[in-house]
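J.: Structure below; questions to follow.
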Amino acid sequence: MDKEKLQFFKELLLKRREEILREVESTRKELEEAAENLPDALDLAERESRLAFELRLRDREQKLLKKIEKALRKIEEGTYGICEACGAEIDEKRLMARPEATLCIDCKRAQERMERIKGE
């Protein structure tokens, strides 16, 4: 992959990382504000439910953040865009959709098939 494309994906990954970090900070502030006492049990239950949902989202985003960090390291190492399973180049369309992707579409599909088989 040429330097221009690598720079494009690096900027894309950095932007996604920044968005996630902003959302994490927003959730942290929300948790601090949630410490306020609510007089109504229904309001309290609604807030607890909303916060539980937000925390699940943040957990998923933390996993995505680790993948983004890995992709940024791969850019620095010169291995970005190379499938970890077969060594082929990952299609740019796939990287546009999932810039943190580590598998080409064929290897990803094979991985998902294996996961479905194990889950059955």
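Labeling convention for the structure tokens: chains A, B, ... as they appear, residues from 1 per chain, ligands from 1 in order of appearance.
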List the neighbours of A:Lys10 out to 8 Å using only C-alpha atoms; skip same-chain residues closer than 4 positions along the sequence, and give me the result as JSON, numbers by chain.
T.: {"A": [6, 14, 72, 75]}
J.: Enumerate, as a PyMOL selection string, the complete set of residues in chain A that a backbone-based DSSP assignment places in alpha helix (DSSP H).
T.: chain A and resi 3-33+41-77+92-97+105-119
J.: Keeping C-alpha atoms, export the residues of the selection given above as a tab-separated table (two decimals), in the first residue's frame.
T.:
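Resulting contents of again_15.tsv:
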chain	number	residue	atom	x	y	z
A	3	LYS	CA	2.19	6.13	1.65
A	4	GLU	CA	-0.82	8.29	0.74
A	5	LYS	CA	-3.27	5.47	1.37
A	6	LEU	CA	-1.51	4.50	4.60
A	7	GLN	CA	-1.76	8.11	5.77
A	8	PHE	CA	-5.45	8.17	4.87
A	9	PHE	CA	-6.14	5.03	6.91
A	10	LYS	CA	-4.02	6.30	9.79
A	11	GLU	CA	-6.06	9.50	9.92
A	12	LEU	CA	-9.28	7.51	9.70
A	13	LEU	CA	-8.20	5.27	12.58
A	14	LEU	CA	-7.08	8.25	14.68
A	15	LYS	CA	-10.44	9.93	14.08
A	16	ARG	CA	-12.33	6.79	15.16
A	17	ARG	CA	-10.13	6.48	18.24
A	18	GLU	CA	-10.84	10.09	19.17
A	19	GLU	CA	-14.60	9.57	18.74
A	20	ILE	CA	-14.53	6.55	21.03
A	21	LEU	CA	-12.50	8.39	23.65
A	22	ARG	CA	-14.99	11.29	23.56
A	23	GLU	CA	-17.86	8.86	24.09
A	24	VAL	CA	-16.03	7.21	26.98
A	25	GLU	CA	-15.55	10.61	28.59
A	26	SER	CA	-19.22	11.41	28.06
A	27	THR	CA	-20.22	8.17	29.79
A	28	ARG	CA	-17.85	8.91	32.65
A	29	LYS	CA	-19.50	12.29	33.17
A	30	GLU	CA	-22.91	10.68	32.99
A	31	LEU	CA	-21.91	8.20	35.67
A	32	GLU	CA	-20.76	11.04	37.90
A	33	GLU	CA	-24.04	12.85	37.38
A	41	ALA	CA	-38.00	4.98	41.93
A	42	LEU	CA	-39.17	4.87	38.31
A	43	ASP	CA	-36.69	7.62	37.35
A	44	LEU	CA	-33.96	5.77	39.19
A	45	ALA	CA	-34.77	2.49	37.42
A	46	GLU	CA	-34.84	4.20	34.02
A	47	ARG	CA	-31.48	5.84	34.66
A	48	GLU	CA	-29.96	2.55	35.84
A	49	SER	CA	-31.21	0.78	32.72
A	50	ARG	CA	-29.84	3.52	30.44
A	51	LEU	CA	-26.48	3.46	32.19
A	52	ALA	CA	-26.24	-0.33	31.98
A	53	PHE	CA	-26.86	-0.06	28.24
A	54	GLU	CA	-24.22	2.68	27.91
A	55	LEU	CA	-21.70	0.58	29.82
A	56	ARG	CA	-22.28	-2.39	27.49
A	57	LEU	CA	-21.68	-0.09	24.53
A	58	ARG	CA	-18.50	1.27	26.09
A	59	ASP	CA	-17.27	-2.28	26.70
A	60	ARG	CA	-17.69	-3.05	23.00
A	61	GLU	CA	-15.96	0.22	22.14
A	62	GLN	CA	-13.04	-0.64	24.40
A	63	LYS	CA	-12.56	-3.82	22.36
A	64	LEU	CA	-12.74	-1.77	19.17
A	65	LEU	CA	-10.25	0.69	20.62
A	66	LYS	CA	-7.75	-2.15	21.12
A	67	LYS	CA	-8.22	-3.19	17.49
A	68	ILE	CA	-7.67	0.39	16.35
A	69	GLU	CA	-4.47	0.62	18.40
A	70	LYS	CA	-3.29	-2.64	16.83
A	71	ALA	CA	-4.03	-1.31	13.33
A	72	LEU	CA	-2.09	1.89	14.09
A	73	ARG	CA	0.89	-0.21	15.24
A	74	LYS	CA	0.65	-2.24	12.03
A	75	ILE	CA	0.81	0.97	10.00
A	76	GLU	CA	4.01	1.93	11.84
A	77	GLU	CA	5.45	-1.58	11.36
A	92	GLU	CA	-9.36	-1.43	0.20
A	93	LYS	CA	-13.16	-1.57	0.17
A	94	ARG	CA	-13.00	-3.79	3.26
A	95	LEU	CA	-10.52	-1.44	4.92
A	96	MET	CA	-12.80	1.51	4.17
A	97	ALA	CA	-15.64	-0.27	5.93
A	105	ILE	CA	-12.89	-11.06	3.46
A	106	ASP	CA	-12.35	-14.73	2.53
A	107	CYS	CA	-10.50	-15.50	5.77
A	108	LYS	CA	-13.05	-13.54	7.79
A	109	ARG	CA	-15.91	-15.52	6.24
A	110	ALA	CA	-14.07	-18.77	6.99
A	111	GLN	CA	-13.54	-17.63	10.59
A	112	GLU	CA	-17.24	-16.78	10.97
A	113	ARG	CA	-18.24	-20.18	9.52
A	114	MET	CA	-16.00	-21.92	12.04
A	115	GLU	CA	-17.49	-19.84	14.89
A	116	ARG	CA	-21.02	-20.79	13.77
A	117	ILE	CA	-20.08	-24.46	13.62
A	118	LYS	CA	-18.57	-24.32	17.12
A	119	GLY	CA	-21.63	-22.47	18.42
J.: Please list as a list in words every residue within 8 Å of A:Gly81, counting only C-alpha atoms and excluding residues in the same chain fewer than 3 positions away.
T.: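 Near neighbours after the sequence-gap exclusion: Met1, Glu89, Ile90, Asp91, Leu95, Ala101 and Thr102 of chain A.
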